[in-house]
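Next comes entry_24.txt, with compact mmCIF, C-alpha atoms and all ligand atoms.
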# COMPACT_ATOMS: atom_id res chain seq x y z
CA MET T 1 19.67 105.23 13.31
CA SER T 2 16.02 106.01 13.97
CA VAL T 3 15.17 108.69 16.52
CA VAL T 4 11.63 107.35 16.74
CA PRO T 5 11.37 104.76 19.50
CA ASP T 6 8.54 102.22 19.63
CA PHE T 7 6.17 103.55 22.26
CA TYR T 8 3.63 100.78 22.21
CA GLU T 9 2.98 97.80 20.07
CA GLY T 10 0.72 98.47 17.16
CA GLN T 11 1.38 102.21 17.14
CA THR T 12 1.83 103.42 13.58
CA ARG T 13 4.77 105.48 12.43
CA ALA T 14 2.42 108.45 11.92
CA GLU T 15 1.14 108.09 15.50
CA ARG T 16 4.70 107.97 16.82
CA ILE T 17 5.72 111.09 14.90
CA ALA T 18 2.58 112.90 16.05
CA GLN T 19 3.38 111.95 19.63
CA LEU T 20 6.97 113.20 19.37
CA VAL T 21 5.79 116.49 17.88
CA ASP T 22 3.17 116.78 20.61
CA ARG T 23 5.71 116.27 23.37
CA GLU T 24 7.71 119.34 22.38
CA ASP T 25 6.93 122.55 24.26
CA TYR T 26 8.02 124.77 21.40
CA PHE T 27 8.52 124.81 17.65
CA PHE T 28 9.87 127.73 15.65
CA HIS T 29 9.06 126.44 12.16
CA LYS T 30 5.72 125.38 10.83
CA ILE T 31 6.65 122.35 8.68
CA GLU T 32 4.29 120.08 6.79
CA LEU T 33 5.10 116.46 7.59
CA PRO T 34 3.48 113.38 6.05
CA ASN T 35 0.07 112.16 7.24
CA GLY T 36 -1.28 115.66 7.74
CA ILE T 37 1.02 116.48 10.64
CA VAL T 38 2.14 120.11 10.79
CA THR T 39 4.67 121.24 13.38
CA PRO T 40 3.09 124.03 15.44
CA GLY T 41 5.75 126.69 14.81
CA TRP T 42 4.93 130.39 14.96
CA SER T 43 7.09 131.08 11.90
CA ASP T 44 5.56 129.95 8.60
CA PRO T 45 8.62 129.88 6.33
CA LYS T 46 6.83 128.40 3.33
CA ASN T 47 4.57 131.44 3.03
CA GLU T 48 6.41 134.20 4.87
CA LYS T 49 10.06 133.62 3.91
CA LEU T 50 10.63 131.23 1.02
CA PRO T 51 9.11 133.50 -1.66
CA HIS T 52 11.61 136.24 -0.74
CA TYR T 53 14.92 134.52 0.05
CA GLY T 54 16.13 133.68 -3.47
CA LEU T 55 16.64 129.92 -3.20
CA PRO T 56 17.41 128.53 -6.68
CA GLU T 57 14.47 126.53 -8.04
CA ASP T 58 16.85 123.80 -9.15
CA MET T 59 19.54 122.88 -6.65
CA THR T 60 20.55 119.66 -8.36
CA GLY T 61 24.00 118.49 -7.33
CA MET T 62 24.67 121.34 -4.90
CA ARG T 63 26.40 121.02 -1.54
CA VAL T 64 24.37 123.26 0.73
CA LEU T 65 24.95 124.57 4.26
CA ASP T 66 21.98 125.75 6.36
CA ILE T 67 23.25 127.84 9.28
CA GLY T 68 20.83 128.25 12.20
CA CYS T 69 18.59 125.57 10.75
CA ALA T 70 16.08 125.45 13.66
CA GLU T 71 13.66 122.60 12.80
CA GLY T 72 15.05 122.49 9.26
CA PHE T 73 12.52 124.00 6.89
CA PHE T 74 15.19 125.38 4.54
CA SER T 75 17.36 122.25 4.73
CA PHE T 76 14.47 120.03 3.71
CA GLU T 77 13.49 122.48 0.98
CA ALA T 78 17.04 122.41 -0.45
CA GLU T 79 16.96 118.62 -0.42
CA ARG T 80 13.56 118.67 -2.12
CA ARG T 81 15.03 120.91 -4.83
CA GLY T 82 17.71 118.35 -5.62
CA ALA T 83 20.72 119.30 -3.46
CA ALA T 84 23.22 116.45 -3.44
CA GLU T 85 24.12 117.06 0.20
CA VAL T 86 22.73 119.40 2.82
CA VAL T 87 24.56 120.05 6.07
CA ALA T 88 22.52 121.80 8.75
CA ILE T 89 23.94 123.41 11.86
CA ASP T 90 22.39 125.04 14.90
CA SER T 91 23.91 126.02 18.23
CA HIS T 92 20.78 125.10 20.18
CA PRO T 93 20.47 121.44 21.32
CA ASP T 94 16.66 121.56 21.47
CA GLY T 95 16.56 122.80 17.88
CA VAL T 96 18.65 119.86 16.70
CA ARG T 97 16.39 117.41 18.59
CA ARG T 98 13.27 118.86 16.96
CA PHE T 99 15.07 118.90 13.58
CA ASN T 100 15.65 115.15 13.97
CA ILE T 101 11.94 114.49 14.53
CA CYS T 102 11.15 116.26 11.25
CA ARG T 103 14.05 114.53 9.52
CA GLU T 104 12.69 111.16 10.55
CA ALA T 105 9.16 112.03 9.49
CA LEU T 106 10.36 113.24 6.08
CA ASP T 107 12.80 110.36 5.54
CA SER T 108 15.43 113.01 4.95
CA ARG T 109 19.16 112.41 4.54
CA VAL T 110 20.11 115.87 5.89
CA GLN T 111 22.36 115.75 8.92
CA ALA T 112 21.97 118.39 11.63
CA HIS T 113 25.01 119.19 13.76
CA LEU T 114 25.08 120.98 17.09
CA THR T 115 27.61 123.58 15.96
CA SER T 116 27.95 127.34 16.10
CA VAL T 117 28.61 129.39 12.99
CA TYR T 118 31.84 130.48 14.69
CA ASP T 119 33.12 126.89 14.57
CA ILE T 120 32.62 126.05 10.92
CA SER T 121 35.74 125.52 8.84
CA GLU T 122 36.65 123.95 5.54
CA ARG T 123 38.65 121.35 7.43
CA THR T 124 35.60 120.11 9.33
CA TYR T 125 32.72 120.67 6.90
CA GLY T 126 34.30 121.19 3.47
CA THR T 127 33.02 123.86 1.11
CA PHE T 128 29.54 124.65 -0.15
CA ASP T 129 28.03 125.76 -3.43
CA LEU T 130 25.30 127.50 -1.47
CA VAL T 131 25.22 128.78 2.10
CA MET T 132 21.88 129.76 3.63
CA PHE T 133 22.27 132.18 6.53
CA PHE T 134 18.77 133.17 7.50
CA GLY T 135 17.64 134.81 10.71
CA VAL T 136 20.94 134.43 12.56
CA LEU T 137 23.09 137.54 12.01
CA TYR T 138 21.20 139.68 14.52
CA HIS T 139 21.58 136.96 17.17
CA LEU T 140 25.35 137.25 17.07
CA ARG T 141 27.73 139.27 19.18
CA ASN T 142 30.36 138.97 16.45
CA PRO T 143 28.69 139.21 13.04
CA ILE T 144 31.93 139.99 11.18
CA LEU T 145 33.63 136.91 12.57
CA ALA T 146 30.61 134.82 11.54
CA LEU T 147 30.67 136.24 8.02
CA GLU T 148 34.40 135.58 7.73
CA LYS T 149 33.75 131.95 8.69
CA ILE T 150 30.95 131.71 6.14
CA PHE T 151 33.15 133.20 3.43
CA SER T 152 35.82 130.61 4.26
CA VAL T 153 33.48 127.67 3.52
CA CYS T 154 31.48 129.21 0.68
CA SER T 155 32.69 128.23 -2.78
CA GLY T 156 29.74 129.75 -4.63
CA THR T 157 26.87 131.84 -3.29
CA THR T 158 25.69 132.91 0.15
CA LEU T 159 22.08 133.90 0.78
CA LEU T 160 21.52 136.01 3.89
CA GLN T 161 18.46 137.33 5.68
CA THR T 162 18.42 139.34 8.86
CA ALA T 163 16.10 141.47 10.92
CA ASN T 164 16.92 145.08 10.12
CA PHE T 165 16.06 148.67 10.90
CA GLU T 166 15.79 151.37 8.26
CA ASN T 167 16.03 155.12 8.67
CA GLU T 168 15.65 157.25 5.55
CA ALA T 169 17.82 159.98 7.06
CA LEU T 170 20.82 157.63 6.87
CA GLY T 171 20.63 157.46 3.08
CA ASP T 172 23.05 154.82 1.86
CA ASN T 173 25.17 154.90 5.02
CA SER T 174 25.79 151.72 7.01
CA ALA T 175 24.50 151.65 10.55
CA ALA T 176 23.54 149.05 13.13
CA GLU T 177 21.56 149.29 16.34
CA PHE T 178 23.22 147.61 19.28
CA HIS T 179 20.95 146.03 21.90
CA PRO T 180 23.14 145.14 24.85
CA PHE T 181 20.29 143.42 26.71
CA GLY T 182 18.07 142.03 23.94
CA ILE T 183 14.72 143.13 22.55
CA GLU T 184 11.05 142.24 22.58
CA SER T 185 10.26 139.78 19.78
CA GLY T 186 8.00 136.91 18.70
CA PRO T 187 4.59 136.77 17.03
CA ALA T 188 2.54 139.99 17.14
CA ASP T 189 -0.04 138.46 19.50
CA ASN T 190 2.47 136.84 21.84
CA ARG T 191 5.47 139.10 22.30
CA SER T 192 8.23 138.03 24.63
CA PHE T 193 11.67 139.20 25.61
CA ASP T 194 14.56 137.81 23.54
CA PRO T 195 17.93 138.38 25.22
CA THR T 196 19.78 136.93 22.20
CA VAL T 197 19.35 139.87 19.83
CA PHE T 198 22.42 142.11 19.66
CA TRP T 199 23.19 143.84 16.34
CA VAL T 200 20.33 144.94 14.09
CA PRO T 201 21.84 146.41 10.89
CA ASN T 202 20.28 148.45 8.12
CA ALA T 203 20.36 147.02 4.60
CA ALA T 204 23.35 149.19 3.63
CA CYS T 205 25.26 147.74 6.56
CA VAL T 206 24.48 144.15 5.51
CA ARG T 207 25.74 144.95 2.02
CA ASP T 208 28.93 146.50 3.41
CA LEU T 209 29.53 143.63 5.84
CA MET T 210 29.33 141.15 2.97
CA LEU T 211 31.67 143.24 0.83
CA HIS T 212 34.02 143.68 3.78
CA VAL T 213 34.58 139.93 4.20
CA GLY T 214 35.17 139.43 0.47
CA PHE T 215 31.89 138.65 -1.24
CA VAL T 216 31.38 140.14 -4.71
CA ASN T 217 28.28 140.84 -6.79
CA VAL T 218 26.46 141.60 -3.56
CA GLU T 219 22.81 142.35 -4.26
CA GLY T 220 19.71 142.79 -2.17
CA GLY T 221 17.95 145.22 0.08
CA ASN T 222 15.16 145.81 2.50
CA ILE T 223 12.04 143.75 1.89
CA PHE T 224 9.42 144.96 4.35
CA PRO T 225 8.39 143.16 6.58
CA VAL T 226 10.67 140.24 5.74
CA GLY T 227 13.97 141.92 6.61
CA ALA T 228 17.20 142.68 4.79
CA VAL T 229 17.72 139.98 2.17
CA PHE T 230 21.01 139.68 0.28
CA ARG T 231 23.04 137.38 -1.92
CA GLY T 232 26.77 137.48 -2.50
CA GLU T 233 29.24 135.40 -4.46
CA VAL T 234 32.84 134.42 -3.92
CA PRO T 235 35.20 135.95 -6.50
CA THR T 236 36.03 132.60 -8.13
CA ALA T 237 33.38 129.93 -7.81
CA THR T 238 34.45 126.29 -7.48
CA LYS T 239 32.48 123.11 -6.84
CA GLY T 240 31.60 122.59 -3.18
CA THR T 241 33.49 119.60 -1.82
CA PRO T 242 33.20 117.46 1.31
CA PRO T 243 35.98 117.75 3.90
CA ASP T 244 39.27 116.13 3.04
CA GLN T 245 39.59 113.11 5.34
CA MET T 246 43.38 113.42 5.14
CA LYS T 247 43.14 116.82 6.87
CA ALA T 248 41.61 115.69 10.11
CA PRO T 249 39.90 118.52 12.02
CA TRP T 250 41.10 117.13 15.37
CA CYS T 251 44.79 117.64 14.73
C1 LIG B 1 15.36 133.09 14.14
S1 LIG B 1 15.92 131.45 14.02
C2 LIG B 1 16.10 131.27 12.26
C3 LIG B 1 15.78 129.88 11.79
C4 LIG B 1 15.82 129.71 10.25
N1 LIG B 1 17.13 129.88 9.72
C5 LIG B 1 14.86 130.67 9.60
O1 LIG B 1 15.28 131.64 8.99
O2 LIG B 1 13.65 130.42 9.68
C6 LIG B 1 17.61 131.57 14.54
C7 LIG B 1 18.31 130.23 14.68
O3 LIG B 1 19.70 130.46 14.73
C8 LIG B 1 20.26 129.66 15.74
N2 LIG B 1 21.52 130.28 16.16
C9 LIG B 1 21.69 131.35 16.98
N3 LIG B 1 23.00 131.61 17.14
C10 LIG B 1 23.66 130.69 16.39
C11 LIG B 1 25.05 130.41 16.17
N4 LIG B 1 25.99 131.13 16.76
N5 LIG B 1 25.37 129.38 15.36
C12 LIG B 1 24.41 128.62 14.78
N6 LIG B 1 23.08 128.82 14.98
C13 LIG B 1 22.72 129.84 15.77
C14 LIG B 1 19.19 129.61 16.82
O4 LIG B 1 19.37 128.52 17.71
C15 LIG B 1 17.95 129.50 15.98
O5 LIG B 1 17.61 128.16 15.69

Could the structure of this file be written out as structure tokens, please?
Ligand SMILES: C[S@@+](CC[C@H](N)C(=O)[O-])C[C@H]1O[C@@H](n2cnc3c(N)ncnc32)[C@H](O)[C@@H]1O
Amino acid sequence: MSVVPDFYEGQTRAERIAQLVDREDYFFHKIELPNGIVTPGWSDPKNEKLPHYGLPEDMTGMRVLDIGCAEGFFSFEAERRGAAEVVAIDSHPDGVRRFNICREALDSRVQAHLTSVYDISERTYGTFDLVMFFGVLYHLRNPILALEKIFSVCSGTTLLQTANFENEALGDNSAAEFHPFGIESGPADNRSFDPTVFWVPNAACVRDLMLHVGFVNVEGGNIFPVGAVFRGEVPTATKGTPPDQMKAPWC
């Protein structure tokens, strides 16, 4: 079903998309849409993130999960790289609405669900060859629970990025800063208070969290100023599969 209503007769599709983008007060992602439209996000993932996050060039046939998709840059990129199916989730309703504008503009098949990472399960979403977990960990009160959930639906590889802090004096020891009341964040020229930042780990802590929940071959580290960027694999990889309809999630 189209999310783009007809606003007035004779209006082109490009004009309608531009109008929908224009109506939004906020975008996180800068995303290039057809007809020269670019969403006015303050994060430029194509240039600032994509080169560092380790997405496979060829994602042909993969089942991919994008957790905390925002307006969907990484979902659409996975689809562009050949993923057979991309499932996107975000816990913020406005994010899913903006995602759907971009989805429509890009003629994408990716579905975005209003779901928290805490609520994913194999029963509801199946398993995934690749899980993308970018920019979410530090927003969570319960990062270990989230990583356990991710491990339970990952049948291949998980890619993770998080804001981090590093302190040479800690050496290789795990540590995380806890911010009970949030932090200042946002673009350098327009800082604002973000009450949704809780745990900011160092890279050693990210590694140990991934090992703790069961990932193996965990690799990565601090990439300044991008954050802590890691990949981990499940011990025995299997093909990602859609949920089994005979195991209904509602019962
Ligand atoms: C900093 S943005 C990261 C967006 C994108 N993944 C990226 O790296 O550019 C964090 C996103 O995570 C979402 N988020 C926060 N808590 C979440 C949760 N518990 N489950 C799913 N998404 C969550 C937010 O709504 C937001 O869209």

What residues have an atom no more than 6 Å from (25.0, 116.3, 6.4) in the file's own frame, counting only C-alpha atoms, and can you write them as number ranges by chain?
T: 86-87, 110-111

Pull C-alpha atoms from the residues just selected and write them as a compact mmCIF listing (two decimals), in the coordinates of the input.
# COMPACT_ATOMS: atom_id res chain seq x y z
CA VAL T 86 22.73 119.40 2.82
CA VAL T 87 24.56 120.05 6.07
CA VAL T 110 20.11 115.87 5.89
CA GLN T 111 22.36 115.75 8.92

Give me, as a PyMOL selection string, the set of residues whose atoms come within 10 Å of any atom of ligand LIG 1 (chain B), counting all atoms listed in the file.
chain T and resi 27-30+43-46+48-50+53+66-75+88-96+99+113-120+132-143+146+160-163+186+196-197

From the options T:Glu15, T:Glu9, T:Glu233, T:Glu77, which residue's atoms come nearest to Glu32 (chain T), counting all atoms listed in the file?
T:Glu77

Any idea what the distance is between CA of Val229 (chain T) and CA of Tyr26 (chain T)?
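Interatomic distance here is 26.4 Å.
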
What does the distance between CA of Cys251 (chain T) and CA of Leu130 (chain T) come to in Å, to one decimal place?
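Answer for the CA of Cys251 (chain T) to CA of Leu130 (chain T) separation: 27.2 Å.
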
Between T:Phe165, T:Gln19, T:Ala204, T:Gly214, which has the minimum distance to Lys149 (chain T) (counting only C-alpha atoms)?
T:Gly214

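Closest approach to Tyr125 (chain T) among T:Glu166, T:Glu104, T:Glu148, T:Glu85: T:Glu85, based on only C-alpha atoms.
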
Looking at all atoms listed in the file, which of T:His179, T:Arg231, T:Arg97, T:Arg207 is the one that sits closest to Gly156 (chain T)?
T:Arg231

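Considering the residues T:Pro225, T:Pro51, T:Pro235, T:Gly126 and counting only C-alpha atoms, Ala248 (chain T) has its shortest atom-to-atom contact with T:Gly126.
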
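In this comparison, which uses only C-alpha atoms, the residue of T:Arg16, T:Ser121, T:Ser152, T:His212 approaching Trp250 (chain T) most closely is T:Ser121.
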
Could I get region 158-170 of chain T rebuilt with N, CA and C atoms, written as a PDB file, in the frame of the given file?
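As written to disk, out31.pdb reads:
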ATOM      1  N   THR T 158      26.294 132.865  -1.186  1.00  0.00           N
ATOM      2  CA  THR T 158      25.690 132.910   0.150  1.00  0.00           C
ATOM      3  C   THR T 158      24.411 133.738   0.076  1.00  0.00           C
ATOM      4  N   LEU T 159      23.349 133.176   0.644  1.00  0.00           N
ATOM      5  CA  LEU T 159      22.080 133.900   0.780  1.00  0.00           C
ATOM      6  C   LEU T 159      21.941 134.269   2.251  1.00  0.00           C
ATOM      7  N   LEU T 160      21.573 135.522   2.498  1.00  0.00           N
ATOM      8  CA  LEU T 160      21.520 136.010   3.890  1.00  0.00           C
ATOM      9  C   LEU T 160      20.218 136.763   4.109  1.00  0.00           C
ATOM     10  N   GLN T 161      19.611 136.505   5.254  1.00  0.00           N
ATOM     11  CA  GLN T 161      18.460 137.330   5.680  1.00  0.00           C
ATOM     12  C   GLN T 161      18.680 137.702   7.130  1.00  0.00           C
ATOM     13  N   THR T 162      18.339 138.926   7.459  1.00  0.00           N
ATOM     14  CA  THR T 162      18.420 139.340   8.860  1.00  0.00           C
ATOM     15  C   THR T 162      17.309 140.328   9.181  1.00  0.00           C
ATOM     16  N   ALA T 163      16.937 140.367  10.448  1.00  0.00           N
ATOM     17  CA  ALA T 163      16.100 141.470  10.920  1.00  0.00           C
ATOM     18  C   ALA T 163      16.897 142.751  10.700  1.00  0.00           C
ATOM     19  N   ASN T 164      16.204 143.840  10.425  1.00  0.00           N
ATOM     20  CA  ASN T 164      16.920 145.080  10.120  1.00  0.00           C
ATOM     21  C   ASN T 164      16.140 146.264  10.676  1.00  0.00           C
ATOM     22  N   PHE T 165      16.781 147.431  10.642  1.00  0.00           N
ATOM     23  CA  PHE T 165      16.060 148.670  10.900  1.00  0.00           C
ATOM     24  C   PHE T 165      16.390 149.601   9.741  1.00  0.00           C
ATOM     25  N   GLU T 166      15.486 150.432   9.339  1.00  0.00           N
ATOM     26  CA  GLU T 166      15.790 151.370   8.260  1.00  0.00           C
ATOM     27  C   GLU T 166      15.425 152.778   8.727  1.00  0.00           C
ATOM     28  N   ASN T 167      16.253 153.721   8.321  1.00  0.00           N
ATOM     29  CA  ASN T 167      16.030 155.120   8.670  1.00  0.00           C
ATOM     30  C   ASN T 167      16.418 155.949   7.447  1.00  0.00           C
ATOM     31  N   GLU T 168      15.412 156.521   6.807  1.00  0.00           N
ATOM     32  CA  GLU T 168      15.650 157.250   5.550  1.00  0.00           C
ATOM     33  C   GLU T 168      16.746 158.295   5.680  1.00  0.00           C
ATOM     34  N   ALA T 169      16.843 158.904   6.857  1.00  0.00           N
ATOM     35  CA  ALA T 169      17.820 159.980   7.060  1.00  0.00           C
ATOM     36  C   ALA T 169      19.253 159.476   6.877  1.00  0.00           C
ATOM     37  N   LEU T 170      19.461 158.179   7.008  1.00  0.00           N
ATOM     38  CA  LEU T 170      20.820 157.630   6.870  1.00  0.00           C
ATOM     39  C   LEU T 170      21.246 157.498   5.419  1.00  0.00           C
TER      40      LEU T 170
END
